[in-house]
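Below is one structure, written out as structure tokens, with a few remarks after it.
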Amino acid sequence: MATSPVSGACLCGAVRFEIETPTLFSAHCHCSMCRRAHGAGFVTWIGVPYERFRVRAGEDRLVRYRSSDHGTRSFCGTCGSSLFCESTNHPGYLDIVLANLDPTVDAPPQAHFYFDDRVPWVAIADELPRFGGPTGTEPR
């Protein structure tokens, strides 16, 4: 399958990165950690294998925060943009915030995860599959 580069950056532009498509997935996450880290009702992530990801500028501006026993979140230390999440639960790829990428990326959202944890003030009207339960990934 052919790949193509897609660029991304934080709000201030200090951290710039690039991925090569195709992405592994794109999904909305409704877990409380994602909501709090992003200050939003949910966040949309894509998955990209490490070998198709490169930080092009601002590596020294990245701040890493261990948000759980298996996860580390990275954000820009200048503007605070949440950028990446790495998990020992899936060591072959990292999660990247879709909104920080050029809109040409091949990643329309495909599902909702941790749907049981969603906030009541966000109306979800799409027909995407919904997953929940203790792992956030169990069919509803």
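Order determines the names: the first chain of the structure tokens is A, the second B, and so forth; residues in each chain are numbered 1 upward, and ligands are numbered 1 upward as they are shown.
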Discussion item. Can you pull out the residues contacting Ala111 in chain A? Cut-off 8 Å, using only C-alpha atoms, and skip same-chain residues under 4 positions away; I want them as JSON, numbers by chain.
Written reply: {"A": [26, 27, 28, 128, 129, 130, 131]}
Using C-alpha atoms, can you export the residues from the last selection as a JSON list (two decimals), in the first residue's frame?
[["chain", "number", "residue", "atom", "x", "y", "z"],
["A", 26, "SER", "CA", -9.33, 6.76, 13.81],
["A", 27, "ALA", "CA", -11.70, 6.81, 16.77],
["A", 28, "HIS", "CA", -13.36, 9.08, 19.31],
["A", 128, "LEU", "CA", -20.52, 4.82, 14.23],
["A", 129, "PRO", "CA", -20.04, 1.65, 16.31],
["A", 130, "ARG", "CA", -19.98, 2.24, 20.07],
["A", 131, "PHE", "CA", -17.76, 0.35, 22.50]]
Fill in: All residues 12 Å or closer to range 67-73 of chain A, only C-alpha atoms, same chain fewer than 2 positions away omitted, as a PyMOL selection string
chain A and resi 32-34+36-38+62-65+75-76+80-91+94-97
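Distance check against Tyr114 in chain A using only C-alpha atoms: of A:Pro49, A:Gly77, A:Gly92, A:Gly41, the minimum falls on A:Gly41.
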Enumerate, in order of chain and increasing residue number, the residues of range 64-119 of chain A with an atom no farther than 7 Å from range 1-24 of chain A, each with its shortest atom pair and distance in Å to one decimal, counting only C-alpha atoms, as CSV.
residue,atom,partner,partner_atom,distance
A:Cys76,CA,A:Val15,CA,6.6
A:Cys79,CA,A:Cys12,CA,5.9
A:Ser81,CA,A:Cys10,CA,5.5
A:Asn100,CA,A:Gly8,CA,5.4
A:Leu101,CA,A:Gly8,CA,4.0
A:Asp102,CA,A:Ser7,CA,5.7
A:Val105,CA,A:Val6,CA,6.2
A:Asp106,CA,A:Pro22,CA,6.6
A:Ala107,CA,A:Thr23,CA,6.7
So that I have them on file, write out the residues from the current selection with N, CA and C atoms, as a short mmCIF file (atom, residue, chain, number, x, y, z; two decimals), in the first residue's frame.
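Ended up saving to again-v1.cif:
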data_model
loop_
_atom_site.label_atom_id
_atom_site.label_comp_id
_atom_site.auth_asym_id
_atom_site.auth_seq_id
_atom_site.Cartn_x
_atom_site.Cartn_y
_atom_site.Cartn_z
N CYS A 76 2.84 20.02 24.12
CA CYS A 76 3.79 21.10 23.90
C CYS A 76 3.95 21.89 25.19
N CYS A 79 2.69 25.89 24.34
CA CYS A 79 1.28 26.26 24.19
C CYS A 79 0.31 25.29 24.89
N SER A 81 -0.68 22.30 23.86
CA SER A 81 -1.43 21.39 22.97
C SER A 81 -1.13 19.94 23.29
N ASN A 100 -4.67 17.82 15.28
CA ASN A 100 -3.38 18.47 15.11
C ASN A 100 -2.71 18.14 13.78
N LEU A 101 -3.40 17.39 12.93
CA LEU A 101 -2.85 17.00 11.63
C LEU A 101 -3.49 17.79 10.51
N ASP A 102 -2.76 17.91 9.42
CA ASP A 102 -3.29 18.49 8.19
C ASP A 102 -4.58 17.73 7.85
N VAL A 105 -5.33 14.05 5.96
CA VAL A 105 -5.06 12.71 6.47
C VAL A 105 -6.23 11.78 6.16
N ASP A 106 -5.94 10.50 5.98
CA ASP A 106 -6.92 9.48 5.59
C ASP A 106 -7.69 8.92 6.78
N ALA A 107 -8.16 9.75 7.69
CA ALA A 107 -8.64 9.22 8.96
C ALA A 107 -10.03 9.67 9.38
#
Worksheet item: Got a sec to tell me which of chain A DSSP assigns to strand (DSSP E), as a ChimeraX atom specification?
Response: /A:5-9,16-20,25-29,43-49,53-57,62-66,71-76,82-87,93-97,112-113,131-132,138-139
Print the selection's residues with C-alpha atoms to a file, as a PDB file, in the first residue's frame.
ATOM      1  CA  PRO A   5       3.402  12.142   4.280  1.00  0.00           C
ATOM      2  CA  VAL A   6       0.977  14.240   6.320  1.00  0.00           C
ATOM      3  CA  SER A   7       2.227  17.043   8.561  1.00  0.00           C
ATOM      4  CA  GLY A   8       1.012  18.102  11.970  1.00  0.00           C
ATOM      5  CA  ALA A   9       1.831  20.654  14.649  1.00  0.00           C
ATOM      6  CA  ARG A  16       6.049  19.832  14.259  1.00  0.00           C
ATOM      7  CA  PHE A  17       5.713  16.239  13.212  1.00  0.00           C
ATOM      8  CA  GLU A  18       4.957  14.093  10.221  1.00  0.00           C
ATOM      9  CA  ILE A  19       3.274  10.754   9.695  1.00  0.00           C
ATOM     10  CA  GLU A  20       3.048   8.492   6.704  1.00  0.00           C
ATOM     11  CA  PHE A  25      -7.481   3.611  12.856  1.00  0.00           C
ATOM     12  CA  SER A  26      -9.327   6.756  13.813  1.00  0.00           C
ATOM     13  CA  ALA A  27     -11.703   6.807  16.766  1.00  0.00           C
ATOM     14  CA  HIS A  28     -13.357   9.076  19.307  1.00  0.00           C
ATOM     15  CA  CYS A  29     -12.424   8.395  22.943  1.00  0.00           C
ATOM     16  CA  VAL A  43     -11.032  13.464  21.659  1.00  0.00           C
ATOM     17  CA  THR A  44     -10.369  11.866  18.287  1.00  0.00           C
ATOM     18  CA  TRP A  45      -7.201   9.806  17.986  1.00  0.00           C
ATOM     19  CA  ILE A  46      -5.468   8.095  15.109  1.00  0.00           C
ATOM     20  CA  GLY A  47      -3.042   5.218  15.425  1.00  0.00           C
ATOM     21  CA  VAL A  48       0.285   5.290  13.573  1.00  0.00           C
ATOM     22  CA  PRO A  49       3.147   2.764  13.741  1.00  0.00           C
ATOM     23  CA  PHE A  53       6.094   8.867  12.685  1.00  0.00           C
ATOM     24  CA  ARG A  54       8.754  11.584  12.950  1.00  0.00           C
ATOM     25  CA  VAL A  55       9.107  14.694  15.082  1.00  0.00           C
ATOM     26  CA  ARG A  56      10.452  17.340  12.666  1.00  0.00           C
ATOM     27  CA  ALA A  57      10.937  20.191  15.153  1.00  0.00           C
ATOM     28  CA  LEU A  62       7.672  18.103  24.343  1.00  0.00           C
ATOM     29  CA  VAL A  63       6.583  17.454  27.911  1.00  0.00           C
ATOM     30  CA  ARG A  64       5.635  13.903  28.853  1.00  0.00           C
ATOM     31  CA  TYR A  65       3.143  13.045  31.572  1.00  0.00           C
ATOM     32  CA  ARG A  66       2.561   9.508  32.833  1.00  0.00           C
ATOM     33  CA  GLY A  71       0.107   5.420  29.335  1.00  0.00           C
ATOM     34  CA  THR A  72       2.228   8.497  28.747  1.00  0.00           C
ATOM     35  CA  ARG A  73       0.809  11.642  27.164  1.00  0.00           C
ATOM     36  CA  SER A  74       2.933  14.236  25.392  1.00  0.00           C
ATOM     37  CA  PHE A  75       2.087  17.899  25.000  1.00  0.00           C
ATOM     38  CA  CYS A  76       3.789  21.099  23.898  1.00  0.00           C
ATOM     39  CA  SER A  82      -2.030  17.728  23.660  1.00  0.00           C
ATOM     40  CA  LEU A  83      -0.304  15.773  20.912  1.00  0.00           C
ATOM     41  CA  PHE A  84       0.459  12.085  21.517  1.00  0.00           C
ATOM     42  CA  CYS A  85      -0.321   9.167  23.788  1.00  0.00           C
ATOM     43  CA  GLU A  86       1.864   6.084  24.129  1.00  0.00           C
ATOM     44  CA  SER A  87       0.735   2.914  25.852  1.00  0.00           C
ATOM     45  CA  TYR A  93       2.057   2.307  17.577  1.00  0.00           C
ATOM     46  CA  LEU A  94       1.269   5.641  19.154  1.00  0.00           C
ATOM     47  CA  ASP A  95      -1.954   7.599  19.299  1.00  0.00           C
ATOM     48  CA  ILE A  96      -1.941  11.066  17.744  1.00  0.00           C
ATOM     49  CA  VAL A  97      -4.622  13.725  18.177  1.00  0.00           C
ATOM     50  CA  HIS A 112     -16.545   5.570  19.706  1.00  0.00           C
ATOM     51  CA  PHE A 113     -14.543   4.039  22.582  1.00  0.00           C
ATOM     52  CA  PHE A 131     -17.761   0.350  22.498  1.00  0.00           C
ATOM     53  CA  GLY A 132     -17.718   0.425  26.286  1.00  0.00           C
ATOM     54  CA  GLU A 138     -16.235  -4.097  24.306  1.00  0.00           C
ATOM     55  CA  PRO A 139     -19.163  -4.059  21.840  1.00  0.00           C
TER      56      PRO A 139
END
Item to complete: Would you kindly return, as a ChimeraX atom specification, each protein, DNA or RNA residue with an atom no farther than 10 Å from any atom of Val119 in chain A, considering only C-alpha atoms and excluding same-chain residues fewer than 5 positions away?
Response: /A:30-32,35,40-42
Written file, previous selection with N, CA and C atoms, as an mmCIF file, in the first residue's frame:
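Full text of selection11.cif as output:
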data_model
loop_
_atom_site.group_PDB
_atom_site.id
_atom_site.type_symbol
_atom_site.label_atom_id
_atom_site.label_comp_id
_atom_site.auth_asym_id
_atom_site.auth_seq_id
_atom_site.Cartn_x
_atom_site.Cartn_y
_atom_site.Cartn_z
ATOM 1 N N HIS A 30 -14.014 8.648 24.741
ATOM 2 C CA HIS A 30 -14.834 9.364 25.716
ATOM 3 C C HIS A 30 -14.369 9.128 27.154
ATOM 4 N N CYS A 31 -13.185 8.521 27.354
ATOM 5 C CA CYS A 31 -12.740 8.233 28.721
ATOM 6 C C CYS A 31 -12.463 9.530 29.480
ATOM 7 N N SER A 32 -12.523 9.462 30.784
ATOM 8 C CA SER A 32 -12.361 10.669 31.606
ATOM 9 C C SER A 32 -10.958 11.261 31.484
ATOM 10 N N ARG A 35 -10.916 13.247 28.233
ATOM 11 C CA ARG A 35 -11.731 14.464 28.371
ATOM 12 C C ARG A 35 -10.994 15.526 29.180
ATOM 13 N N ALA A 40 -12.392 18.720 26.710
ATOM 14 C CA ALA A 40 -13.451 18.550 25.711
ATOM 15 C C ALA A 40 -14.292 17.327 26.052
ATOM 16 N N GLY A 41 -15.437 17.224 25.405
ATOM 17 C CA GLY A 41 -16.346 16.102 25.632
ATOM 18 C C GLY A 41 -15.792 14.766 25.181
ATOM 19 N N PHE A 42 -14.916 14.772 24.199
ATOM 20 C CA PHE A 42 -14.199 13.582 23.745
ATOM 21 C C PHE A 42 -13.061 14.053 22.852
#
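Between CA of Thr137 in chain A and CA of Glu51 in chain A there is a distance of 25.2 Å.
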Discussion item. Report, in Å to a single decimal, how far apart CA of Phe115 in chain A and CA of Arg140 in chain A are.
Written reply: 8.7 Å
Practice prompt. Could you pull out the residues in chain A that DSSP calls alpha helix (DSSP H) from the backbone, as a PyMOL selection string?
Written response: chain A and resi 32-38
